[in-house]
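Participant: Provided herewith: start14.txt, compact mmCIF, C-alpha atoms.
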# COMPACT_ATOMS: atom_id res chain seq x y z
CA MET A 1 0.00 0.00 0.00
CA PRO A 2 1.42 3.40 -0.92
CA ASP A 3 2.28 5.74 1.93
CA ARG A 4 -0.36 8.49 1.83
CA SER A 5 0.33 12.01 3.04
CA LYS A 6 -1.92 13.94 5.41
CA GLN A 7 -2.75 16.26 2.53
CA TRP A 8 -3.93 13.32 0.39
CA TRP A 9 -6.16 12.08 3.24
CA SER A 10 -7.44 15.60 3.91
CA SER A 11 -8.48 16.20 0.31
CA LEU A 12 -10.09 12.74 0.08
CA LEU A 13 -12.08 13.37 3.27
CA GLU A 14 -13.22 16.79 1.98
CA ILE A 15 -14.61 15.12 -1.13
CA LEU A 16 -16.41 12.48 0.94
CA GLU A 17 -17.86 15.01 3.38
CA ARG A 18 -19.19 17.12 0.47
CA GLU A 19 -20.65 14.00 -1.12
CA LEU A 20 -22.49 13.08 2.10
CA GLN A 21 -24.03 16.56 2.28
CA THR A 22 -25.22 16.64 -1.33
CA THR A 23 -26.49 14.09 -3.81
CA GLU A 24 -24.12 11.50 -5.17
CA THR A 25 -21.49 12.92 -7.48
CA SER A 26 -18.97 11.17 -9.67
CA GLU A 27 -16.19 12.81 -7.63
CA GLY A 28 -17.76 11.43 -4.43
CA GLN A 29 -18.14 7.96 -5.90
CA GLU A 30 -14.48 8.00 -6.93
CA GLY A 31 -13.57 9.17 -3.41
CA TRP A 32 -15.47 6.28 -1.81
CA ALA A 33 -13.78 3.87 -4.24
CA LEU A 34 -10.35 5.24 -3.24
CA LEU A 35 -11.21 4.95 0.45
CA ARG A 36 -12.53 1.40 -0.06
CA ALA A 37 -9.23 0.44 -1.74
CA GLU A 38 -7.23 1.94 1.15
CA VAL A 39 -9.38 0.17 3.74
CA ARG A 40 -9.02 -3.13 1.87
CA ALA A 41 -5.23 -2.70 1.72
CA LEU A 42 -5.10 -1.95 5.47
CA ALA A 43 -7.40 -4.89 6.24
CA GLU A 44 -5.27 -7.60 4.62
CA PRO A 45 -2.24 -7.56 6.96
CA LEU A 46 -4.45 -7.14 10.02
CA TYR A 47 -6.62 -10.03 8.86
CA ARG A 48 -3.55 -12.25 8.37
CA ARG A 49 -2.28 -11.33 11.85
CA PHE A 50 -5.46 -12.72 13.41
CA GLY A 51 -5.02 -16.00 11.53
CA GLY A 52 -7.71 -18.47 10.51
CA GLU A 53 -9.72 -17.95 13.68
CA LEU A 54 -11.92 -15.24 12.14
CA PRO A 55 -15.58 -15.80 11.26
CA ILE A 56 -15.37 -13.18 8.48
CA GLU A 57 -13.58 -12.73 5.17
CA VAL A 58 -11.21 -9.82 4.50
CA ASP A 59 -13.62 -8.20 2.00
CA ASP A 60 -16.42 -8.40 4.57
CA LEU A 61 -14.16 -6.75 7.13
CA ALA A 62 -13.39 -3.90 4.73
CA GLN A 63 -17.11 -3.53 3.96
CA GLU A 64 -18.00 -3.35 7.67
CA VAL A 65 -15.46 -0.59 8.19
CA MET A 66 -16.78 1.29 5.15
CA LEU A 67 -20.31 1.11 6.59
CA ARG A 68 -19.05 2.59 9.86
CA LEU A 69 -17.41 5.47 7.97
CA GLN A 70 -20.49 6.60 6.04
CA SER A 71 -21.60 9.33 8.38
CA PRO A 72 -20.37 12.89 8.76
CA ALA A 73 -19.40 12.22 12.40
CA ALA A 74 -17.25 9.22 11.44
CA LEU A 75 -15.50 11.22 8.74
CA ARG A 76 -14.84 14.05 11.24
CA ARG A 77 -13.26 11.54 13.66
CA LEU A 78 -11.15 10.17 10.80
CA ARG A 79 -10.05 13.70 9.87
CA ALA A 80 -9.24 14.58 13.50
CA ALA A 81 -7.12 11.46 14.00
CA GLY A 82 -3.38 12.04 13.91
CA SER A 83 -3.01 9.26 11.37
CA ALA A 84 -5.85 8.15 9.11
CA GLU A 85 -4.22 4.76 8.59
CA GLY A 86 -3.82 4.35 12.35
CA TYR A 87 -7.44 5.30 12.99
CA LEU A 88 -8.74 2.88 10.35
CA THR A 89 -6.52 0.10 11.72
CA VAL A 90 -7.90 0.64 15.23
CA VAL A 91 -11.49 0.56 13.90
CA MET A 92 -10.76 -2.71 12.08
CA ARG A 93 -8.95 -4.25 15.03
CA ASN A 94 -11.81 -3.40 17.38
CA HIS A 95 -14.32 -4.88 14.94
CA LEU A 96 -12.26 -8.08 14.64
CA LEU A 97 -11.91 -8.40 18.42
CA ASP A 98 -15.65 -7.94 18.78
CA LEU A 99 -16.27 -10.66 16.20
CA LEU A 100 -13.84 -13.01 17.93
CA ARG A 101 -15.46 -12.42 21.30
CA ARG A 102 -18.92 -13.08 19.86
CA SER A 103 -17.84 -16.27 18.08
CA ARG A 104 -16.15 -17.59 21.25
CA LEU A 105 -19.28 -16.85 23.28
CA GLU A 106 -21.41 -18.55 20.66
CA ARG A 107 -19.20 -21.65 20.74
CA ARG A 108 -19.34 -21.66 24.54
CA TRP A 109 -23.12 -21.32 24.47
CA GLN A 110 -23.49 -24.16 21.97
CA SER A 111 -21.23 -26.47 23.95
CA ALA A 112 -23.14 -25.64 27.13
CA GLN A 113 -26.39 -26.51 25.39
CA THR A 114 -25.17 -29.86 24.09
CA SER A 115 -23.45 -31.18 27.20
CA PRO A 116 -24.54 -31.00 30.83
CA ARG A 117 -22.30 -29.12 33.22
CA ALA A 118 -20.13 -31.61 35.00
CA THR A 119 -17.52 -29.31 36.47
CA PRO A 120 -16.93 -29.54 40.21
CA ASP A 121 -17.44 -25.79 40.68
CA ALA A 122 -20.78 -25.75 38.84
CA PRO A 123 -23.64 -24.42 40.97
CA PRO A 124 -26.36 -26.87 41.97
CA GLN A 125 -29.28 -27.14 39.57
CA GLU A 126 -31.64 -25.60 42.15
CA ASP A 127 -29.48 -22.45 42.28
CA LEU A 128 -29.60 -22.11 38.51
CA ILE A 129 -33.38 -22.45 38.53
CA THR A 130 -33.68 -19.86 41.31
CA LEU A 131 -31.37 -17.49 39.42
CA ARG A 132 -33.33 -17.94 36.19
CA ARG A 133 -36.59 -17.15 38.00
CA ALA A 134 -35.08 -14.09 39.69
CA LEU A 135 -33.76 -12.79 36.37
CA ALA A 136 -37.16 -13.27 34.76
CA ARG A 137 -38.72 -10.97 37.39
CA LEU A 138 -36.34 -8.12 36.59
CA PRO A 139 -37.28 -5.29 34.20
CA ALA A 140 -36.01 -5.67 30.63
CA ASP A 141 -33.34 -2.96 30.96
CA ASP A 142 -31.90 -4.66 34.06
CA GLN A 143 -31.91 -8.02 32.27
CA GLU A 144 -30.05 -6.37 29.38
CA LEU A 145 -27.45 -4.96 31.78
CA ILE A 146 -26.83 -8.42 33.30
CA LEU A 147 -26.68 -9.97 29.83
CA ARG A 148 -24.12 -7.45 28.58
CA ARG A 149 -21.88 -7.67 31.66
CA PHE A 150 -21.88 -11.38 32.42
CA TRP A 151 -22.91 -13.15 29.23
CA ARG A 152 -21.35 -10.95 26.55
CA GLU A 153 -18.49 -10.14 28.95
CA GLN A 154 -18.53 -6.44 28.12
CA THR A 155 -16.66 -4.10 30.41
CA ILE A 156 -18.56 -1.46 32.34
CA ALA A 157 -16.92 1.18 30.12
CA GLU A 158 -18.18 -0.57 26.96
CA ILE A 159 -21.69 -0.84 28.37
CA ALA A 160 -21.68 2.82 29.43
CA ASN A 161 -20.52 3.86 25.97
CA ASP A 162 -23.19 1.74 24.23
CA LEU A 163 -25.97 3.03 26.50
CA GLY A 164 -24.75 6.63 26.42
CA GLU A 165 -24.46 6.75 30.20
CA LYS A 166 -21.61 7.61 32.55
CA TYR A 167 -19.31 4.84 33.75
CA SER A 168 -20.23 5.53 37.37
CA THR A 169 -23.97 5.33 36.61
CA VAL A 170 -23.63 1.91 35.01
CA SER A 171 -21.33 0.72 37.80
CA VAL A 172 -23.78 1.76 40.53
CA ARG A 173 -26.75 0.28 38.64
CA LEU A 174 -24.91 -3.00 38.27
CA PHE A 175 -23.88 -3.06 41.95
CA ARG A 176 -27.46 -2.39 43.10
CA LEU A 177 -28.83 -4.90 40.64
CA LEU A 178 -26.53 -7.65 41.94
CA ARG A 179 -27.52 -6.88 45.53
CA ARG A 180 -31.17 -7.05 44.48
CA LEU A 181 -30.61 -10.44 42.84
CA GLU A 182 -28.93 -11.71 46.00
CA ARG A 183 -31.95 -10.70 48.06
CA MET A 184 -34.34 -12.26 45.54
CA MET A 185 -32.43 -15.54 45.69
CA ALA A 186 -32.01 -15.64 49.47
CA PRO A 187 -34.00 -18.43 51.16
Can the structure in the file be given as structure tokens, please?
Facilitator:
Amino acid sequence: MPDRSKQWWSSLLEILERELQTTETSEGQEGWALLRAEVRALAEPLYRRFGGELPIEVDDLAQEVMLRLQSPAALRRLRAAGSAEGYLTVVMRNHLLDLLRRSRLERRWQSAQTSPRATPDAPPQEDLITLRRALARLPADDQELILRRFWREQTIAEIANDLGEKYSTVSVRLFRLLRRLERMMAP
């Protein structure tokens, strides 16, 4: 991939921002094609670094990143980044890590569904039933919070970012929610 200057990136981003504000132009379509080629070129080495463990093809990865870039806010963040290539690489890496985490969780879920838990530290079946009933009595937003934190294994910061709330708000909600579950499950 050729080494692009900041000026090259700046002029490309100007074209794309204008194209998003107006109707499609041939200059804008050429700009998106150039950006797509750059994203594809950046995606290949990153894709190879992750190895064969990925549930996505390199073209699909590039397409996902392109979809994330098609808003004025995303283009502003790309422009504000010190290095456009660095910013795009971080976006791709985060997307790949998210995909890996989801595929691992899915495999874990499928294996848990096909084989009974036989580990010595597994909670007794009665505790699981009690927990399931307690969770069912919670409001949907509290159930979602538990799902994100303990099933999807998202950090509190990730959850706060997704929900548009402060870290401390999510942390306190989660703490209170766990205490509430404890009381609901107490004999």
Participant: Give me the residues within 12 Å of Gly82 of chain A as a list in words, counting all atoms listed in the file and dropping any in the same chain fewer than 6 places off.
Facilitator: Ser5, Lys6, Trp9, Ser10, Arg76 and Leu88 of chain A
Participant: Hey, what's within 8 Å of segment 143-152 of chain A if we count only C-alpha atoms and toss same-chain stuff fewer than 4 positions away? As a list of chain:residue names, please?
Facilitator: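 My list of contacting residues is A:Arg102, A:Leu105, A:Leu135, A:Ala136, A:Leu138, A:Pro139, A:Ile156, A:Ile159, A:Leu174.
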Participant: What's the separation between atom CA of Ala73 of chain A and atom CA of Asp59 of chain A, in Å to one decimal place?
Facilitator: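 That distance, rounded to one decimal, is 23.6 Å.
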Participant: Give the answer as one residue: which of A:Leu69, A:Arg137, A:Ala81, A:Asp142 has the shortest atom-to-atom distance to Phe175 of chain A, using all atoms listed in the file?
Facilitator: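 Among the listed residues, A:Asp142 lies closest to Phe175 of chain A.
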Participant: Distance atom CA of Arg93 of chain A-atom CA of Ala80 of chain A, one decimal place?
Facilitator: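 Computed distance, atom CA of Arg93 of chain A to atom CA of Ala80 of chain A, equals 18.9 Å.
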Participant: Taking into account all atoms listed in the file, which residue in the set A:Arg40, A:Arg79, A:Arg173, A:Arg107 is nearest to Glu14 of chain A?
Facilitator: A:Arg79
Participant: From the options A:Arg104, A:Ser171, A:Glu17, A:Gln7, which residue's atoms come nearest to Arg77 of chain A, counting only C-alpha atoms?
Facilitator: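 Checking each of A:Arg104, A:Ser171, A:Glu17, A:Gln7 against Arg77 of chain A, counting only C-alpha atoms, the winner is A:Glu17.
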Participant: Please compute the atom CA of Arg48 of chain A-atom CA of Leu16 of chain A distance, one decimal, in Å.
Facilitator: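 Taking atom CA of Arg48 of chain A and atom CA of Leu16 of chain A, their separation equals 28.8 Å.
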Participant: Would you compute an axis-aligned box for segment 58-68 of chain A, covering every atom listed for it in the file with 6 Å of margin on each side, and report centre and edge lengths in Å to one decimal as lines of an AutoDock Vina configuration file?
Facilitator:
center_x = -15.8
center_y = -3.6
center_z = 5.9
size_x = 21.1
size_y = 24.4
size_z = 19.9
Participant: Name the residues in contact with Leu35 of chain A at a cut-off of 12 Å, using only C-alpha atoms, excluding same-chain residues fewer than 4 positions from it; report them as a VMD selection string.
Facilitator: chain A and resid 4 8 to 13 15 to 16 28 to 31 39 to 42 62 to 63 65 to 67 69 to 70 75 78 84 to 85 88
Participant: Now that the selection is made, can you save its residues with C-alpha atoms as a PDB file, keeping the file's coordinate frame?
Facilitator:
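Dumped to result-v1.pdb:
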ATOM      1  CA  ARG A   4      -0.360   8.490   1.830  1.00  0.00           C
ATOM      2  CA  TRP A   8      -3.930  13.320   0.390  1.00  0.00           C
ATOM      3  CA  TRP A   9      -6.160  12.080   3.240  1.00  0.00           C
ATOM      4  CA  SER A  10      -7.440  15.600   3.910  1.00  0.00           C
ATOM      5  CA  SER A  11      -8.480  16.200   0.310  1.00  0.00           C
ATOM      6  CA  LEU A  12     -10.090  12.740   0.080  1.00  0.00           C
ATOM      7  CA  LEU A  13     -12.080  13.370   3.270  1.00  0.00           C
ATOM      8  CA  ILE A  15     -14.610  15.120  -1.130  1.00  0.00           C
ATOM      9  CA  LEU A  16     -16.410  12.480   0.940  1.00  0.00           C
ATOM     10  CA  GLY A  28     -17.760  11.430  -4.430  1.00  0.00           C
ATOM     11  CA  GLN A  29     -18.140   7.960  -5.900  1.00  0.00           C
ATOM     12  CA  GLU A  30     -14.480   8.000  -6.930  1.00  0.00           C
ATOM     13  CA  GLY A  31     -13.570   9.170  -3.410  1.00  0.00           C
ATOM     14  CA  VAL A  39      -9.380   0.170   3.740  1.00  0.00           C
ATOM     15  CA  ARG A  40      -9.020  -3.130   1.870  1.00  0.00           C
ATOM     16  CA  ALA A  41      -5.230  -2.700   1.720  1.00  0.00           C
ATOM     17  CA  LEU A  42      -5.100  -1.950   5.470  1.00  0.00           C
ATOM     18  CA  ALA A  62     -13.390  -3.900   4.730  1.00  0.00           C
ATOM     19  CA  GLN A  63     -17.110  -3.530   3.960  1.00  0.00           C
ATOM     20  CA  VAL A  65     -15.460  -0.590   8.190  1.00  0.00           C
ATOM     21  CA  MET A  66     -16.780   1.290   5.150  1.00  0.00           C
ATOM     22  CA  LEU A  67     -20.310   1.110   6.590  1.00  0.00           C
ATOM     23  CA  LEU A  69     -17.410   5.470   7.970  1.00  0.00           C
ATOM     24  CA  GLN A  70     -20.490   6.600   6.040  1.00  0.00           C
ATOM     25  CA  LEU A  75     -15.500  11.220   8.740  1.00  0.00           C
ATOM     26  CA  LEU A  78     -11.150  10.170  10.800  1.00  0.00           C
ATOM     27  CA  ALA A  84      -5.850   8.150   9.110  1.00  0.00           C
ATOM     28  CA  GLU A  85      -4.220   4.760   8.590  1.00  0.00           C
ATOM     29  CA  LEU A  88      -8.740   2.880  10.350  1.00  0.00           C
TER      30      LEU A  88
END
Participant: Would you mind telling me which residue in A:Asp141, A:Glu165, A:Asp127, A:Glu153 lies nearest to Met184 of chain A when using only C-alpha atoms?
Facilitator: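 Between A:Asp141, A:Glu165, A:Asp127, A:Glu153, the residue approaching Met184 of chain A most closely is A:Asp127.
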